[in-house]
file query37.cif (mmCIF, C-alpha atoms)
data_my_file
#
loop_
_atom_site.label_atom_id
_atom_site.label_comp_id
_atom_site.auth_asym_id
_atom_site.auth_seq_id
_atom_site.Cartn_x
_atom_site.Cartn_y
_atom_site.Cartn_z
CA MET A 1 140.39 117.52 169.92
CA ARG A 2 137.80 120.32 169.93
CA ARG A 3 139.52 122.14 167.12
CA PHE A 4 138.81 119.15 164.92
CA VAL A 5 135.42 118.16 166.19
CA LEU A 6 133.83 121.61 166.15
CA PRO A 7 134.47 122.14 162.39
CA ALA A 8 132.83 118.78 161.79
CA VAL A 9 129.76 119.79 163.77
CA PHE A 10 129.43 123.20 162.19
CA SER A 11 130.12 121.96 158.69
CA THR A 12 127.43 119.32 159.16
CA ILE A 13 124.90 121.85 160.39
CA PHE A 14 125.83 124.21 157.56
CA LEU A 15 125.45 121.47 154.99
CA ALA A 16 122.17 120.34 156.42
CA LEU A 17 120.78 123.87 156.29
CA LEU A 18 122.16 124.35 152.79
CA LEU A 19 120.57 121.17 151.57
CA VAL A 20 117.26 121.84 153.23
CA ALA A 21 117.20 125.31 151.72
CA GLY A 22 118.17 123.93 148.32
CA CYS A 23 115.54 121.25 148.37
CA THR A 24 112.73 123.51 149.39
CA ALA A 25 113.51 126.52 147.24
CA GLU A 26 111.29 125.35 144.39
CA GLN A 27 108.63 123.88 146.58
CA VAL A 28 107.41 127.14 148.05
CA VAL A 29 103.76 127.56 147.24
CA GLU A 30 102.27 130.97 147.43
CA GLN A 31 99.39 131.03 149.79
CA GLU A 32 96.19 132.21 148.28
CA LEU A 33 94.71 135.00 150.25
CA PRO A 34 91.01 134.75 150.94
CA PRO A 35 89.03 136.56 148.27
CA GLU A 36 87.91 140.00 149.19
CA GLU A 37 84.27 140.79 149.31
CA THR A 38 83.83 142.42 145.91
CA ASP A 39 81.03 142.97 143.49
CA GLN A 40 81.03 139.95 141.19
CA THR A 41 78.98 141.61 138.49
CA GLY A 42 79.66 143.59 135.35
CA LEU A 43 78.18 145.15 132.25
CA LEU A 44 77.07 142.93 129.37
CA ILE A 45 76.67 144.67 126.02
CA PHE A 46 74.57 143.09 123.28
CA THR A 47 75.67 143.98 119.77
CA ALA A 48 74.81 143.19 116.15
CA ASN A 49 77.31 143.28 113.34
CA GLY A 50 76.93 143.25 109.56
CA GLU A 51 80.69 143.51 109.15
CA GLU A 52 82.49 145.39 106.39
CA PHE A 53 80.35 143.78 103.70
CA ILE A 54 77.43 145.91 104.80
CA ARG A 55 79.21 149.01 106.09
CA GLU A 56 81.59 149.39 103.15
CA GLY A 57 79.85 147.45 100.41
CA PHE A 58 81.30 144.70 98.26
CA VAL A 59 81.21 143.07 94.84
CA CYS A 60 78.94 140.07 94.85
CA LYS A 61 79.52 136.80 93.06
CA ASP A 62 78.00 137.89 89.74
CA GLY A 63 79.94 141.14 89.54
CA TRP A 64 77.37 143.58 90.89
CA SER A 65 78.93 146.18 93.11
CA LEU A 66 76.70 146.65 96.13
CA SER A 67 76.57 149.55 98.54
CA PHE A 68 74.11 149.86 101.38
CA ASP A 69 72.40 152.95 102.76
CA HIS A 70 70.59 150.93 105.38
CA ALA A 71 70.52 147.36 106.57
CA TYR A 72 67.83 147.13 109.19
CA VAL A 73 67.45 144.01 111.29
CA THR A 74 64.79 143.69 113.96
CA LEU A 75 65.66 141.56 116.95
CA ALA A 76 63.65 140.13 119.82
CA SER A 77 63.94 137.64 122.68
CA VAL A 78 67.67 138.16 122.87
CA SER A 79 69.30 136.13 125.65
CA ALA A 80 72.91 135.41 126.54
CA PHE A 81 73.75 132.25 128.46
CA GLN A 82 76.51 130.93 130.60
CA THR A 83 76.66 127.24 129.80
CA ASP A 84 78.75 124.45 131.28
CA PRO A 85 79.88 122.38 129.55
CA PRO A 86 80.03 125.08 126.92
CA PHE A 87 77.27 124.96 124.35
CA GLU A 88 78.23 123.94 120.85
CA THR A 89 75.87 123.99 117.91
CA ASP A 90 76.48 120.28 117.33
CA LEU A 91 74.39 119.71 120.45
CA GLY A 92 71.29 121.13 118.77
CA TRP A 93 68.54 123.15 120.37
CA GLU A 94 68.18 121.13 123.55
CA PHE A 95 70.65 122.89 125.78
CA GLU A 96 68.65 123.75 128.89
CA ASP A 97 70.64 121.33 131.02
CA LEU A 98 73.81 123.27 130.25
CA ILE A 99 72.53 126.66 131.35
CA GLN A 100 74.23 128.05 134.44
CA GLY A 101 73.00 131.58 134.03
CA ARG A 102 71.19 133.80 131.56
CA VAL A 103 70.69 137.46 130.82
CA ASP A 104 67.63 138.52 128.86
CA LEU A 105 67.41 141.65 126.79
CA GLY A 106 63.76 142.56 126.62
CA GLY A 107 61.92 144.31 123.85
CA VAL A 108 61.90 144.37 120.08
CA LEU A 109 64.81 146.34 118.75
CA THR A 110 65.67 147.50 115.23
CA VAL A 111 69.26 148.40 114.38
CA ASP A 112 70.85 149.66 111.18
CA LEU A 113 73.91 147.56 110.44
CA ALA A 114 74.95 149.85 107.58
CA SER A 115 75.48 152.82 109.86
CA PRO A 116 79.14 153.85 110.03
CA ASP A 117 78.78 153.66 113.80
CA ALA A 118 77.59 150.06 113.66
CA ASP A 119 81.00 148.52 114.16
CA PRO A 120 79.23 146.79 115.77
CA ALA A 121 75.79 148.25 116.50
CA VAL A 122 74.82 148.30 120.15
CA VAL A 123 71.46 146.61 120.60
CA GLY A 124 71.24 147.00 124.36
CA GLU A 125 73.06 146.69 127.65
CA ALA A 126 72.49 144.81 130.86
CA GLU A 127 74.08 146.22 134.00
CA ALA A 128 75.16 144.38 137.13
CA VAL A 129 74.86 140.91 135.65
CA PRO A 130 76.89 138.01 137.05
CA SER A 131 80.45 137.78 135.80
CA GLY A 132 81.50 134.68 133.89
CA ARG A 133 81.60 133.38 130.36
CA TYR A 134 78.60 134.08 128.20
CA ASN A 135 79.20 131.36 125.65
CA ALA A 136 75.78 130.96 124.04
CA ILE A 137 73.32 133.44 122.62
CA TYR A 138 69.76 133.09 121.37
CA TRP A 139 67.85 135.66 119.36
CA GLU A 140 64.98 135.99 116.98
CA MET A 141 64.60 138.11 113.90
CA VAL A 142 61.02 139.33 113.89
CA ARG A 143 58.98 141.64 111.71
CA ALA A 144 59.23 145.23 112.80
CA THR A 145 55.95 146.77 113.85
CA GLY A 146 56.77 150.32 112.91
CA GLY A 147 59.67 152.47 111.86
CA PRO A 148 61.59 152.36 108.59
CA ALA A 149 61.66 148.54 108.46
CA ASP A 150 57.99 148.07 109.26
CA GLY A 151 56.85 144.58 108.31
CA PHE A 152 60.31 143.16 107.70
CA VAL A 153 62.83 141.19 109.73
CA VAL A 154 65.58 142.44 107.41
CA LEU A 155 65.38 145.42 105.07
CA LEU A 156 68.30 146.17 102.77
CA VAL A 157 68.35 149.57 101.08
CA GLY A 158 71.10 150.48 98.67
CA THR A 159 72.46 150.66 95.16
CA ALA A 160 73.86 148.03 92.82
CA GLU A 161 76.05 148.84 89.84
CA LYS A 162 77.43 146.73 87.04
CA ASN A 163 78.74 147.71 83.63
CA GLY A 164 77.15 151.16 83.82
CA GLU A 165 73.77 149.82 84.90
CA THR A 166 72.44 151.00 88.25
CA VAL A 167 69.68 149.50 90.35
CA ASP A 168 68.33 151.17 93.47
CA PHE A 169 66.99 148.41 95.64
CA GLU A 170 64.88 147.81 98.69
CA ILE A 171 64.80 144.14 99.55
CA GLY A 172 62.69 143.13 102.52
CA LEU A 173 62.79 139.70 104.13
CA ASP A 174 59.66 138.97 106.08
CA ARG A 175 60.00 135.43 107.48
CA GLU A 176 60.79 135.29 111.17
CA VAL A 177 63.72 133.16 112.25
CA ALA A 178 65.23 132.05 115.58
CA TYR A 179 68.98 131.61 115.99
CA LEU A 180 71.12 129.94 118.61
CA GLY A 181 74.89 130.32 118.57
CA GLY A 182 77.80 129.34 120.73
CA GLU A 183 80.89 131.18 121.84
CA TYR A 184 82.16 134.02 119.69
CA VAL A 185 84.71 132.97 117.08
CA GLY A 186 86.96 135.76 115.85
CA ASP A 187 90.19 137.62 116.25
CA GLU A 188 89.29 138.61 119.79
CA ARG A 189 87.46 136.94 122.64
CA LYS A 190 83.96 138.13 123.47
CA GLY A 191 81.49 137.21 126.16
CA ILE A 192 84.05 136.82 128.94
CA LEU A 193 82.79 139.12 131.68
CA GLN A 194 85.12 139.82 134.56
CA ALA A 195 83.86 141.25 137.81
CA GLY A 196 83.67 145.02 137.64
CA GLY A 197 84.30 145.01 133.90
CA SER A 198 82.33 144.81 130.71
CA ALA A 199 81.99 142.27 127.93
CA THR A 200 80.27 142.09 124.59
CA VAL A 201 78.17 139.38 123.02
CA GLU A 202 77.56 139.61 119.30
CA MET A 203 74.96 138.59 116.78
CA THR A 204 76.78 138.58 113.45
CA PHE A 205 75.18 138.64 110.02
CA HIS A 206 77.08 137.49 106.95
CA PHE A 207 75.40 139.06 103.96
CA ASP A 208 77.99 137.56 101.64
CA HIS A 209 76.00 134.37 102.18
CA LEU A 210 73.10 136.07 100.40
CA PHE A 211 74.97 137.68 97.54
CA GLY A 212 78.21 135.70 97.30
CA ASP A 213 81.68 137.17 97.07
CA PHE A 214 83.38 138.04 93.78
CA ASP A 215 86.78 137.71 95.45
CA GLU A 216 86.21 134.05 96.23
CA ASP A 217 86.38 131.17 93.78
CA PRO A 218 83.10 130.64 91.90
CA ASP A 219 83.15 127.04 93.12
CA ASP A 220 83.66 128.05 96.72
CA ASP A 221 80.82 127.13 99.06
CA ILE A 222 80.16 130.78 99.79
CA ASN A 223 79.26 131.32 96.12
CA MET A 224 77.67 127.98 95.37
CA GLU A 225 75.16 128.55 98.19
CA ALA A 226 74.51 132.24 97.49
CA LEU A 227 71.84 133.76 95.26
CA GLY A 228 73.87 136.71 94.03
CA PHE A 229 72.21 139.93 92.87
CA GLY A 230 71.71 139.10 89.22
CA PRO A 231 68.40 137.24 89.58
CA MET A 232 66.93 140.19 91.48
CA ALA A 233 68.45 142.80 89.17
CA ALA A 234 66.50 141.16 86.36
CA LEU A 235 63.30 142.10 88.19
CA ALA A 236 64.12 145.81 88.39
CA VAL A 237 61.89 148.30 86.58
CA ASP A 238 63.46 151.55 85.42
CA GLY A 239 66.43 150.92 87.65
CA THR A 240 64.38 150.37 90.75
CA LEU A 241 63.70 147.21 92.70
CA ALA A 242 61.41 147.16 95.72
CA VAL A 243 60.46 143.62 96.71
CA SER A 244 59.75 141.44 99.70
CA LEU A 245 60.51 137.78 100.18
CA SER A 246 56.84 137.06 99.64
CA ASP A 247 56.95 138.90 96.32
CA LEU A 248 60.04 137.04 95.26
CA GLU A 249 58.38 133.66 95.75
CA SER A 250 56.36 134.25 92.61
CA MET A 251 58.94 136.35 90.78
CA LEU A 252 62.07 134.25 91.08
CA ALA A 253 62.73 130.87 89.57
CA ALA A 254 61.87 128.13 92.05
CA ASP A 255 65.49 127.12 92.54
CA ASP A 256 66.56 130.69 93.15
CA PHE A 257 63.79 131.25 95.66
CA GLU A 258 64.69 128.04 97.45
CA LEU A 259 68.27 129.24 97.62
CA LEU A 260 67.17 132.58 99.02
CA VAL A 261 65.10 130.97 101.76
CA ALA A 262 67.95 128.67 102.66
CA VAL A 263 70.26 131.66 103.00
CA MET A 264 68.12 132.94 105.86
CA THR A 265 69.10 129.85 107.85
CA HIS A 266 72.82 130.46 107.51
CA LEU A 267 72.85 134.21 107.53
CA ALA A 268 73.48 134.45 111.26
CA HIS A 269 76.72 133.73 113.08
CA VAL A 270 78.44 134.50 116.32
CA GLY A 271 81.55 136.09 114.93
CA GLU A 272 82.60 133.50 112.40
CA GLY A 273 80.90 130.58 114.08
CA HIS A 274 77.67 129.40 112.51
CA ALA A 275 74.44 129.60 114.47
CA LEU A 276 71.55 127.18 114.44
CA ALA A 277 68.45 128.53 112.71
CA ALA A 278 64.77 127.68 112.67
CA PHE A 279 61.87 129.49 111.04
CA LEU A 280 59.31 130.61 113.58
CA GLU A 281 56.34 130.06 111.29
CA MET B 1 145.14 101.90 168.34
CA GLU B 2 143.28 104.80 166.79
CA THR B 3 142.35 107.48 169.27
CA ILE B 4 139.15 109.49 169.45
CA ASN B 5 141.19 112.53 168.53
CA ASN B 6 142.43 110.94 165.31
CA ARG B 7 138.92 109.71 164.45
CA ALA B 8 137.46 113.16 164.95
CA PHE B 9 140.20 114.66 162.79
CA ARG B 10 139.45 112.16 160.06
CA LEU B 11 135.70 112.69 160.38
CA SER B 12 136.01 116.44 160.10
CA TRP B 13 138.05 116.23 156.92
CA ILE B 14 135.77 113.62 155.43
CA SER B 15 132.81 115.86 156.17
CA LEU B 16 134.50 118.84 154.57
CA ALA B 17 135.63 116.80 151.59
CA SER B 18 132.13 115.44 151.15
CA ALA B 19 130.74 118.94 151.31
CA LEU B 20 133.18 120.03 148.64
CA ILE B 21 132.20 117.11 146.42
CA LEU B 22 128.54 117.88 146.94
CA LEU B 23 128.94 121.54 146.07
CA LEU B 24 131.11 120.92 143.05
CA SER B 25 129.36 117.84 141.68
CA PRO B 26 127.02 119.73 139.32
CA PHE B 27 130.02 121.52 137.79
CA ILE B 28 132.03 118.33 137.52
CA VAL B 29 129.21 116.51 135.82
CA SER B 30 128.36 119.28 133.35
CA ALA B 31 131.87 120.39 132.42
CA HIS B 32 131.79 119.00 128.87
CA GLY B 33 128.91 116.60 129.15
CA VAL B 34 125.92 116.20 126.96
CA ASP B 35 122.69 115.00 128.45
CA ILE B 36 120.24 113.90 125.80
CA GLY B 37 116.90 112.63 126.95
CA ALA B 38 113.88 111.33 125.13
CA VAL B 39 110.52 111.50 126.79
CA PRO B 40 107.35 110.38 125.01
CA ILE B 41 104.73 113.09 125.14
CA SER B 42 101.18 113.35 123.87
CA ALA B 43 100.67 115.84 121.07
CA VAL B 44 97.36 117.00 119.68
CA GLU B 45 96.61 117.17 115.98
CA VAL B 46 93.90 119.57 114.92
CA ILE B 47 92.37 118.84 111.54
CA ALA B 48 90.26 121.68 110.17
CA LEU B 49 87.94 121.05 107.25
CA TYR B 50 85.10 122.94 105.68
CA ASP B 51 81.70 121.28 105.70
CA SER B 52 82.43 120.18 102.15
CA GLY B 53 85.45 118.23 103.40
CA LYS B 54 87.94 120.64 101.84
CA PRO B 55 90.92 121.27 104.13
CA MET B 56 91.22 124.73 105.69
CA ALA B 57 94.74 125.14 104.32
CA GLY B 58 96.33 128.20 105.88
CA GLY B 59 93.66 128.37 108.58
CA GLN B 60 94.63 130.63 111.46
CA VAL B 61 94.87 128.68 114.68
CA ALA B 62 94.58 130.22 118.14
CA ILE B 63 94.85 128.04 121.22
CA TYR B 64 93.71 129.23 124.63
CA ALA B 65 94.77 127.70 127.94
CA PRO B 66 92.00 127.16 130.48
CA ASP B 67 93.41 129.60 133.02
CA GLU B 68 93.97 132.41 130.53
CA PRO B 69 91.02 132.54 128.14
CA LEU B 70 91.53 136.08 126.91
CA GLU B 71 94.98 135.71 125.37
CA PRO B 72 96.10 132.97 122.97
CA TRP B 73 98.57 130.54 124.49
CA LEU B 74 99.72 129.62 121.00
CA THR B 75 98.96 130.75 117.48
CA GLY B 76 99.84 129.10 114.21
CA THR B 77 98.69 128.11 110.76
CA CYS B 78 97.20 124.91 109.40
CA ASP B 79 99.17 123.10 106.72
CA GLU B 80 97.84 122.16 103.29
CA GLU B 81 95.90 119.28 104.80
CA GLY B 82 94.28 121.55 107.37
CA SER B 83 96.44 119.99 110.07
CA PHE B 84 98.08 121.69 113.03
CA ILE B 85 99.99 119.82 115.72
CA PHE B 86 100.81 121.12 119.18
CA VAL B 87 101.67 119.86 122.63
CA PRO B 88 99.51 121.35 125.38
CA ASP B 89 101.06 122.47 128.63
CA TYR B 90 100.03 119.51 130.76
CA SER B 91 100.72 121.47 133.92
CA ARG B 92 97.64 123.54 133.06
CA PRO B 93 94.84 120.97 133.12
CA GLY B 94 91.32 121.85 132.14
CA LEU B 95 89.34 122.71 129.06
CA TRP B 96 91.62 124.03 126.33
CA GLU B 97 90.04 125.91 123.45
CA ILE B 98 91.18 125.63 119.84
CA GLN B 99 89.93 128.12 117.29
CA VAL B 100 90.53 127.85 113.56
CA ARG B 101 89.49 130.62 111.17
CA LEU B 102 89.92 131.36 107.51
CA ALA B 103 88.31 133.93 105.23
CA GLY B 104 85.41 134.73 107.49
CA HIS B 105 84.67 131.17 108.51
CA GLY B 106 85.75 129.46 111.64
CA ASP B 107 84.92 127.26 114.55
CA LEU B 108 85.99 126.65 118.08
CA ILE B 109 86.44 123.27 119.68
CA ARG B 110 87.42 122.28 123.20
CA LEU B 111 89.82 119.69 124.49
CA GLU B 112 89.98 118.35 128.03
CA VAL B 113 93.61 118.16 129.14
CA THR B 114 94.48 116.28 132.29
CA ALA B 115 97.69 116.65 134.26
CA ALA B 116 100.49 114.31 133.24
CA GLU B 117 100.82 111.34 135.56
CA GLU B 118 104.41 112.17 136.33
CA ALA B 119 105.98 115.55 135.87
CA VAL B 120 109.07 115.55 133.69
CA VAL B 121 111.92 116.93 135.78
CA ASP B 122 114.53 119.05 134.11
CA GLY B 123 117.94 117.47 134.57
CA SER B 124 119.42 120.71 135.81
CA GLY B 125 116.83 121.03 138.55
CA GLY B 126 116.32 117.99 140.77
CA LEU B 127 119.02 116.08 142.65
CA SER B 128 120.74 113.28 140.80
CA PHE B 129 121.17 109.83 142.34
CA LEU B 130 124.86 110.55 142.99
CA GLN B 131 124.01 113.81 144.72
CA LYS B 132 121.49 112.06 146.92
CA ILE B 133 124.08 109.43 147.95
CA VAL B 134 126.65 112.09 148.78
CA MET B 135 124.07 114.07 150.71
CA ALA B 136 123.14 111.01 152.76
CA LEU B 137 126.78 110.21 153.49
CA VAL B 138 127.52 113.76 154.58
CA VAL B 139 124.58 113.88 156.92
CA ALA B 140 125.45 110.46 158.35
CA TRP B 141 129.07 111.40 158.90
CA GLY B 142 128.04 114.64 160.47
CA ALA B 143 125.70 112.88 162.85
CA ILE B 144 128.43 110.46 163.86
CA GLY B 145 130.86 113.32 164.44
CA THR B 146 128.34 115.11 166.57
CA ALA B 147 127.70 111.96 168.58
CA PHE B 148 131.41 111.57 169.19
CA TYR B 149 131.66 115.17 170.24
CA PHE B 150 128.94 114.90 172.86
CA SER B 151 130.05 111.45 174.05
CA ARG B 152 133.58 112.81 174.56
CA ARG B 153 132.32 115.77 176.56
CA SER B 154 130.14 113.59 178.78
CA SER B 155 133.04 111.26 179.51
#
call {"tool": "encode", "arguments": {"input": "query37.cif", "output": "structure tokens"}}
result
Amino acid sequence: MRRFVLPAVFSTIFLALLLVAGCTAEQVVEQELPPEETDQTGLLIFTANGEEFIREGFVCKDGWSLSFDHAYVTLASVSAFQTDPPFETDLGWEFEDLIQGRVDLGGVLTVDLASPDADPAVVGEAEAVPSGRYNAIYWEMVRATGGPADGFVVLLVGTAEKNGETVDFEIGLDREVAYLGGEYVGDERKGILQAGGSATVEMTFHFDHLFGDFDEDPDDDINMEALGFGPMAALAVDGTLAVSLSDLESMLAADDFELLVAVMTHLAHVGEGHALAAFLE
Amino acid sequence: METINNRAFRLSWISLASALILLLSPFIVSAHGVDIGAVPISAVEVIALYDSGKPMAGGQVAIYAPDEPLEPWLTGTCDEEGSFIFVPDYSRPGLWEIQVRLAGHGDLIRLEVTAAEEAVVDGSGGLSFLQKIVMALVVAWGAIGTAFYFSRRSS
């Protein structure tokens, strides 16, 4: 009797164990260990970027080949924000309710976007700031109060060439503008600061919006909304052009000047994402 | 009249036979079988246009899952209509990010993904109805055998 009953008992127990093990194998949940007490801060680096257009030069929409010795921009009131839900420019300027944290970069700072080292240019750094996602950034372009770009928010210095004609230019924009952008859009993620690490937030300037891009279709938005260099080249005297935005108001055709002013409102981006813009005066 | 001895003998063999069936059932079922299923799922269509309304044909798409924001979960390219279709991983609920870029222009949108109401179980993973029946029978027979064993000893 026992020689028959015992196999039944053991086979049952074996099967039960086998089944229990089989059923629970994929239900094991790893226990999360309590987080260690660590420093939840990191380094946030503020940068400005004129991209290859400024560093390497380019051919603008009307065929002028532009190269830049300097492209000064003067920045102030720069702040990076952690927002939740994430800020998007469609929401407009009223975004205070979204702010979960902010890092301010004090001072008025001028950077040269044409410098070979400006890939991108470091504007400033903030140490030991809370980790998290810095997905909104506000900044102002203000007139420099000294230095090579004194009196201008943007000063472009360089040379334009077309069909053997050369124009050395200094073009100064002197209207102050505020910008507000969302999360960085580009081939890498920026603004995501992990504890103990570093992250970058970027103010990006697309100067092809000012001059257009010969490589794009003439009917493309980038060219339809750009001034180009031709209208300003026509103002050069003996191959030299030194003008400010204020000068250009009386020197350019009204439509061209209107186009130039409008460019200042879509010059700034965060990577490839457009930023909101508003003149400060 | 059937004796306890004969019953126990029969029970033990039934238990062992059931165990054999249980262990071999996945192989029996899948020997030359084909198991085709169709489960409706929710896909997402991204439509990328310039402000002018022109499609971003060839736009580079990068999709980021909420729990891994630094690396794209999926990359692809918009078609001629600026369209790109994908199925999010519904086991990773949260705010998914979709970025579309082309020739220096781009944007990033977000999409709230909630967990699917019922997880789709891979046929090779969970127990089939037949397997569950066999399992129940085996356990029941085993319990009866055990009861007989102890009742015999006590008598």
call {"tool": "residues_around", "arguments": {"input": "query37.cif", "residues": "Ala278 (chain A)", "least_positions_apart": "6", "cutoff": "7 Å", "atoms": "all atoms listed in the file", "output": "list in words"}}
result
Val177, Ala178, Tyr179 and Thr265 of chain A
call {"tool": "write_last_selection", "arguments": {"input": "query37.cif", "atoms": "C-alpha atoms", "output": "PDB file, in the coordinates of the input"}}
result
ATOM      1  CA  VAL A 177      63.720 133.160 112.250  1.00  0.00           C
ATOM      2  CA  ALA A 178      65.230 132.050 115.580  1.00  0.00           C
ATOM      3  CA  TYR A 179      68.980 131.610 115.990  1.00  0.00           C
ATOM      4  CA  THR A 265      69.100 129.850 107.850  1.00  0.00           C
TER       5      THR A 265
END
call {"tool": "resolve_selection", "arguments": {"input": "query37.cif", "expression": "the PyMOL selection byres ((chain B and resi 92) around 8)", "output": "list in words"}}
result
Ala65, Pro66, Asp67, Asp89, Tyr90, Ser91, Pro93, Gly94, Val113, Thr114 and Ala115 of chain B
call {"tool": "residues_around", "arguments": {"input": "query37.cif", "residues": "Arg143 (chain A)", "least_positions_apart": "6", "cutoff": "10 Å", "atoms": "only C-alpha atoms", "output": "list in words"}}
result
Val73, Thr74, Leu75, Ala76, Val108, Thr110, Ala149, Asp150, Gly151, Phe152, Val153, Val154, Leu155, Leu173, Asp174, Arg175, Glu176 and Val177 of chain A
call {"tool": "residues_around", "arguments": {"input": "query37.cif", "residues": "region 52-62 of chain B", "least_positions_apart": "2", "cutoff": "6 Å", "atoms": "only C-alpha atoms", "output": "list in words"}}
result
Ala48, Leu49, Tyr50, Pro72, Leu74, Thr75, Gly76, Thr77, Cys78, Asp79, Glu80, Glu81, Gly82, Ile98, Gln99, Val100, Arg101 and Leu102 of chain B
call {"tool": "resolve_selection", "arguments": {"input": "query37.cif", "expression": "the PyMOL selection byres ((chain A and resi 269) around 8)", "output": "number ranges by chain"}}
result
A: 181, 203-206, 266-268, 270-275
call {"tool": "atom_distance", "arguments": {"input": "query37.cif", "atom1": "CA of Val123 (chain A)", "atom2": "CA of Leu105 (chain A)"}}
result
8.9 Å
call {"tool": "atom_distance", "arguments": {"input": "query37.cif", "atom1": "CA of Gly186 (chain A)", "atom2": "CA of Leu108 (chain B)"}}
result
9.4 Å
call {"tool": "atom_distance", "arguments": {"input": "query37.cif", "atom1": "CA of Ala126 (chain A)", "atom2": "CA of Glu96 (chain A)"}}
result
21.5 Å
call {"tool": "resolve_selection", "arguments": {"input": "query37.cif", "expression": "the PyMOL selection byres ((chain B and resi 43) around 7)", "output": "PyMOL selection string"}}
result
chain B and resi 41-42+44-45+85-87
call {"tool": "build_atoms", "arguments": {"input": "query37.cif", "residues": "region 78-83 of chain A", "atoms": "all heavy atoms", "output": "PDB file, keeping the file's coordinate frame"}}
result
ATOM      1  N   VAL A  78      66.215 138.347 122.859  1.00  0.00           N
ATOM      2  CA  VAL A  78      67.670 138.160 122.870  1.00  0.00           C
ATOM      3  C   VAL A  78      68.104 137.734 124.279  1.00  0.00           C
ATOM      4  O   VAL A  78      67.779 138.397 125.266  1.00  0.00           O
ATOM      5  CB  VAL A  78      68.401 139.452 122.471  1.00  0.00           C
ATOM      6  CG1 VAL A  78      69.906 139.222 122.453  1.00  0.00           C
ATOM      7  CG2 VAL A  78      67.905 139.944 121.113  1.00  0.00           C
ATOM      8  N   SER A  79      68.819 136.627 124.353  1.00  0.00           N
ATOM      9  CA  SER A  79      69.300 136.130 125.650  1.00  0.00           C
ATOM     10  C   SER A  79      70.730 135.619 125.496  1.00  0.00           C
ATOM     11  O   SER A  79      71.053 134.942 124.516  1.00  0.00           O
ATOM     12  CB  SER A  79      68.425 134.981 126.169  1.00  0.00           C
ATOM     13  OG  SER A  79      67.111 135.416 126.396  1.00  0.00           O
ATOM     14  N   ALA A  80      71.546 135.949 126.480  1.00  0.00           N
ATOM     15  CA  ALA A  80      72.910 135.410 126.540  1.00  0.00           C
ATOM     16  C   ALA A  80      72.966 134.409 127.685  1.00  0.00           C
ATOM     17  O   ALA A  80      72.352 134.618 128.731  1.00  0.00           O
ATOM     18  CB  ALA A  80      73.917 136.520 126.755  1.00  0.00           C
ATOM     19  N   PHE A  81      73.702 133.344 127.484  1.00  0.00           N
ATOM     20  CA  PHE A  81      73.750 132.250 128.460  1.00  0.00           C
ATOM     21  C   PHE A  81      75.178 131.947 128.878  1.00  0.00           C
ATOM     22  O   PHE A  81      76.101 132.014 128.066  1.00  0.00           O
ATOM     23  CB  PHE A  81      73.141 130.977 127.871  1.00  0.00           C
ATOM     24  CG  PHE A  81      71.715 131.117 127.424  1.00  0.00           C
ATOM     25  CD1 PHE A  81      71.429 131.473 126.117  1.00  0.00           C
ATOM     26  CD2 PHE A  81      70.665 130.912 128.316  1.00  0.00           C
ATOM     27  CE1 PHE A  81      70.120 131.612 125.693  1.00  0.00           C
ATOM     28  CE2 PHE A  81      69.350 131.043 127.894  1.00  0.00           C
ATOM     29  CZ  PHE A  81      69.071 131.395 126.580  1.00  0.00           C
ATOM     30  N   GLN A  82      75.287 131.588 130.150  1.00  0.00           N
ATOM     31  CA  GLN A  82      76.510 130.930 130.600  1.00  0.00           C
ATOM     32  C   GLN A  82      76.190 129.441 130.624  1.00  0.00           C
ATOM     33  O   GLN A  82      75.257 129.022 131.319  1.00  0.00           O
ATOM     34  CB  GLN A  82      76.906 131.403 131.998  1.00  0.00           C
ATOM     35  CG  GLN A  82      77.328 132.862 132.056  1.00  0.00           C
ATOM     36  CD  GLN A  82      78.005 133.215 133.363  1.00  0.00           C
ATOM     37  OE1 GLN A  82      78.723 132.406 133.923  1.00  0.00           O
ATOM     38  NE2 GLN A  82      77.771 134.426 133.831  1.00  0.00           N
ATOM     39  N   THR A  83      76.943 128.672 129.863  1.00  0.00           N
ATOM     40  CA  THR A  83      76.660 127.240 129.800  1.00  0.00           C
ATOM     41  C   THR A  83      77.899 126.443 130.206  1.00  0.00           C
ATOM     42  O   THR A  83      79.029 126.843 129.956  1.00  0.00           O
ATOM     43  CB  THR A  83      76.254 126.822 128.367  1.00  0.00           C
ATOM     44  OG1 THR A  83      77.288 127.169 127.453  1.00  0.00           O
ATOM     45  CG2 THR A  83      74.970 127.495 127.955  1.00  0.00           C
TER      46      THR A  83
END
